[in-house]
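Report on one structure; see the data block that follows.
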Amino acid sequence: MDDVKRKAFFSRISHALGRKEIPTFVAPYPYEKGPQEAMYSDLSHEQVVDMFKVECEKVGTKFVTTDEAHVVETILKEIEERGGGKVIYPCCEEAEKFQLKENFDKVDKEGTTFYQWNPSAGRQANIDEAKVAEIGITFPILGIAETATVIQPSFEASGRSIGLLPLCHIAVIRTSDIVPRMTQSMRALTKVYKENPEGFPSNVVHISGPSNTADIELVRVVGVHGPINVTFILVD
């Protein structure tokens, strides 16, 4: 943009703001008075979780509530309701805690198979498995109530492909890890990785419902660049 066009552009903005001419100086915004810290600060955690559920419905995400004792049972039920098929899941601390491999090995249902992400098999081998899976299971570390978003770090034992390539994504998240806004989630991520910089992931993915776009004439299309179906299992 040349100088003439730039001045014409800013002139229109200045006039819309009631100014007679383009200002030569604009005072910095006092961010300490910004709304990002105050919004939803009056909500209880229960209200924050309720907001997360309402936003899930808005973006087309299914959510199921359960408790620690019934996580595996809930996962298996959701796999069955989603039609089974090939299921890929991570090799992570949560998978060990809930003994997913041991419990999945007991499943005797025709047409349903399980594959655990295997770091020693190599990146491409795991991606190839995710490509042909119907369901991917992940364990996000945080949730954002304002947009029904889950935050999923990618690392050697749990690659991004698990929640990206299968047709259905099942994410298991504790309700205690749901915060009101990105303001709080960024602060939490900063704290986690400042304390453990060696554990910083290759990327941190924010996932808000099924893959969709409305770029073409504002017509919403689901399943453009990721899972068509998403379920959040909320663990109290």
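Chain lettering (A, B, ...) mirrors the order of the structure tokens, residue numbering begins at 1 for each chain separately, and ligand numbering begins at 1 in order of display.
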
Got a sec: who's within 12 Å of segment 192-194 of chain A, counting only C-alpha atoms, leaving out chain neighbours fewer than 5 positions off, as a short mmCIF file (atom, residue, chain, number, x, y, z; two decimals) with all heavy atoms, in the first residue's frame?
data_model
loop_
_atom_site.label_atom_id
_atom_site.label_comp_id
_atom_site.auth_asym_id
_atom_site.auth_seq_id
_atom_site.Cartn_x
_atom_site.Cartn_y
_atom_site.Cartn_z
N ILE A 141 -4.77 -31.50 28.09
CA ILE A 141 -4.35 -31.06 29.42
C ILE A 141 -5.18 -29.91 29.96
O ILE A 141 -5.17 -29.65 31.16
CB ILE A 141 -2.85 -30.67 29.44
CG1 ILE A 141 -2.58 -29.52 28.46
CG2 ILE A 141 -1.98 -31.86 29.13
CD1 ILE A 141 -1.17 -28.97 28.57
N LEU A 142 -5.92 -29.21 29.07
CA LEU A 142 -6.74 -28.09 29.50
C LEU A 142 -7.98 -27.95 28.63
O LEU A 142 -8.00 -28.45 27.50
CB LEU A 142 -5.94 -26.77 29.42
CG LEU A 142 -4.84 -26.51 30.45
CD1 LEU A 142 -4.00 -25.31 30.01
CD2 LEU A 142 -5.42 -26.27 31.83
N PRO A 153 -1.36 -31.13 23.74
CA PRO A 153 0.05 -31.07 23.34
C PRO A 153 0.42 -32.32 22.55
O PRO A 153 -0.10 -33.41 22.79
CB PRO A 153 0.79 -31.02 24.68
CG PRO A 153 -0.14 -31.69 25.64
CD PRO A 153 -1.53 -31.42 25.16
N SER A 185 -5.77 -20.16 30.31
CA SER A 185 -5.10 -21.34 29.74
C SER A 185 -3.66 -21.01 29.36
O SER A 185 -2.75 -21.82 29.56
CB SER A 185 -5.86 -21.88 28.53
OG SER A 185 -5.80 -20.99 27.43
N MET A 186 -3.41 -19.81 28.81
CA MET A 186 -2.05 -19.42 28.45
C MET A 186 -1.18 -19.28 29.69
O MET A 186 -0.01 -19.64 29.69
CB MET A 186 -2.07 -18.11 27.66
CG MET A 186 -2.65 -18.21 26.27
SD MET A 186 -1.72 -19.33 25.17
CE MET A 186 -2.75 -20.80 25.23
N ARG A 187 -1.79 -18.76 30.76
CA ARG A 187 -1.04 -18.63 32.01
C ARG A 187 -0.67 -20.02 32.55
O ARG A 187 0.46 -20.24 33.02
CB ARG A 187 -1.88 -17.86 33.04
CG ARG A 187 -1.11 -17.55 34.33
CD ARG A 187 -1.98 -16.86 35.34
NE ARG A 187 -2.46 -15.58 34.85
CZ ARG A 187 -3.73 -15.24 34.76
NH1 ARG A 187 -4.67 -16.09 35.12
NH2 ARG A 187 -4.08 -14.06 34.31
N GLY A 199 10.23 -30.71 28.74
CA GLY A 199 9.04 -31.43 28.29
C GLY A 199 8.20 -30.65 27.32
O GLY A 199 7.06 -31.04 27.03
N PHE A 200 8.72 -29.54 26.80
CA PHE A 200 7.93 -28.72 25.88
C PHE A 200 7.59 -29.52 24.63
O PHE A 200 8.46 -30.13 24.02
CB PHE A 200 8.71 -27.46 25.49
CG PHE A 200 7.84 -26.39 24.90
CD1 PHE A 200 7.19 -25.49 25.72
CD2 PHE A 200 7.66 -26.30 23.53
CE1 PHE A 200 6.38 -24.50 25.20
CE2 PHE A 200 6.84 -25.32 22.99
CZ PHE A 200 6.20 -24.42 23.82
N PRO A 201 6.31 -29.56 24.24
CA PRO A 201 5.88 -30.40 23.12
C PRO A 201 6.27 -29.82 21.77
O PRO A 201 6.66 -28.65 21.67
CB PRO A 201 4.35 -30.44 23.28
CG PRO A 201 4.03 -29.14 23.95
CD PRO A 201 5.18 -28.85 24.87
N VAL A 204 1.26 -27.36 20.33
CA VAL A 204 0.11 -27.39 21.24
C VAL A 204 -1.12 -27.04 20.41
O VAL A 204 -1.23 -25.93 19.89
CB VAL A 204 0.27 -26.39 22.40
CG1 VAL A 204 -0.94 -26.44 23.31
CG2 VAL A 204 1.54 -26.71 23.20
#

Q. Tell me, which residues of segment 85-180 of chain A carry DSSP strand (DSSP E or B), written as a ChimeraX atom specification?
A. /A:86-89,113-116,135-138,142-144,149-155,158,168-174,178-179

Q.
Residues near Pro119 of chain A, anyone? I mean within 10 Å using only C-alpha atoms, not counting same-chain ones fewer than 5 positions away, as a ChimeraX atom specification.
A. /A:90-91,125-126,155-159

Given the selection you just returned, output its residues as a file containing N, CA and C atoms, formatted as an mmCIF file, in the first residue's frame.
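Dumped everything to selection.cif:
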data_model
loop_
_atom_site.group_PDB
_atom_site.id
_atom_site.type_symbol
_atom_site.label_atom_id
_atom_site.label_comp_id
_atom_site.auth_asym_id
_atom_site.auth_seq_id
_atom_site.Cartn_x
_atom_site.Cartn_y
_atom_site.Cartn_z
ATOM 1 N N PRO A 90 -3.016 -43.081 22.641
ATOM 2 C CA PRO A 90 -1.625 -42.721 22.923
ATOM 3 C C PRO A 90 -0.925 -43.653 23.899
ATOM 4 N N CYS A 91 0.391 -43.536 23.916
ATOM 5 C CA CYS A 91 1.218 -44.243 24.894
ATOM 6 C C CYS A 91 1.667 -43.195 25.912
ATOM 7 N N ALA A 125 5.191 -44.630 10.571
ATOM 8 C CA ALA A 125 4.424 -45.853 10.834
ATOM 9 C C ALA A 125 3.186 -45.537 11.675
ATOM 10 N N ASN A 126 3.340 -44.659 12.655
ATOM 11 C CA ASN A 126 2.203 -44.276 13.497
ATOM 12 C C ASN A 126 1.191 -43.437 12.722
ATOM 13 N N PHE A 155 3.510 -34.831 21.468
ATOM 14 C CA PHE A 155 4.872 -35.230 21.816
ATOM 15 C C PHE A 155 5.097 -36.653 21.335
ATOM 16 N N GLU A 156 6.249 -37.190 21.631
ATOM 17 C CA GLU A 156 6.650 -38.470 21.053
ATOM 18 C C GLU A 156 5.650 -39.593 21.320
ATOM 19 N N ALA A 157 5.043 -39.598 22.488
ATOM 20 C CA ALA A 157 4.143 -40.684 22.857
ATOM 21 C C ALA A 157 2.690 -40.441 22.474
ATOM 22 N N SER A 158 2.403 -39.245 21.949
ATOM 23 C CA SER A 158 1.024 -38.925 21.581
ATOM 24 C C SER A 158 1.041 -37.894 20.462
ATOM 25 N N GLY A 159 1.181 -38.368 19.231
ATOM 26 C CA GLY A 159 1.307 -37.475 18.090
ATOM 27 C C GLY A 159 0.007 -36.774 17.722
#

Q. Which one of A:Ile151, A:Leu189, A:Ile162, A:Leu43 sits closest to Trp117 of chain A if you count only C-alpha atoms?
A.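 Checking each of A:Ile151, A:Leu189, A:Ile162, A:Leu43 against Trp117 of chain A, counting only C-alpha atoms, the winner is A:Ile162.
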
Closest pair table for segment 37-119 of chain A residues within 10 Å of segment 210-227 of chain A, only C-alpha atoms, as CSV:
residue,atom,partner,partner_atom,distance
A:Val59,CA,A:Pro210,CA,7.6
A:Gly60,CA,A:Pro210,CA,6.9
A:Thr61,CA,A:Pro210,CA,6.7
A:Lys62,CA,A:Pro210,CA,9.7

File dump, residues just selected, C-alpha atoms, as a tab-separated table (two decimals), in the first residue's frame:
chain	number	residue	atom	x	y	z
A	59	VAL	CA	-20.24	-26.09	17.92
A	60	GLY	CA	-21.63	-29.60	17.46
A	61	THR	CA	-19.47	-31.43	20.00
A	62	LYS	CA	-20.97	-34.29	21.97

Considering only C-alpha atoms, give me a table of residues in segment 123-172 of chain A that are at most 10 Å from segment 98-114 of chain A, with the closest atom pair and distance in Å for each, as a tab-separated table.
residue	atom	partner	partner_atom	distance
A:Ala133	CA	A:Phe114	CA	9.0
A:Glu134	CA	A:Thr112	CA	9.6
A:Ile135	CA	A:Phe114	CA	9.5
A:Gly136	CA	A:Phe114	CA	9.9

Q. Just asking: which residues within segment 131-217 of chain A are alpha helix (DSSP H) according to DSSP, as a ChimeraX atom specification?
A. /A:131,161-164,182-195

(Q) So the first atom is atom CA of Asn118 of chain A and the second is atom CA of Ala171 of chain A; what is the distance between them in Å, to one decimal place? (A) 19.0 Å

Within 10 Å of segment 67-85 of chain A: each segment 157-225 of chain A residue with its shortest pair, only C-alpha atoms, as CSV:
residue,atom,partner,partner_atom,distance
A:Leu167,CA,A:Arg82,CA,9.8
A:Cys168,CA,A:Arg82,CA,7.7
A:Ile170,CA,A:Ile75,CA,8.0
A:Ala171,CA,A:Ile75,CA,9.4
A:Val172,CA,A:Val71,CA,8.3
A:Arg174,CA,A:Asp67,CA,8.9
A:Thr175,CA,A:Asp67,CA,9.8

Q. Using only C-alpha atoms, which of A:Ile127, A:Thr24, A:Lys58, A:Phe139 sits nearest Glu96 of chain A?
A.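 Selected residue with least distance to Glu96 of chain A: A:Phe139.
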
(Q) From the options A:Val87, A:Thr231, A:Ser176, A:Thr149, which residue's atoms come nearest to His45 of chain A, counting only C-alpha atoms? (A)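 The closest residue to His45 of chain A is A:Ser176.
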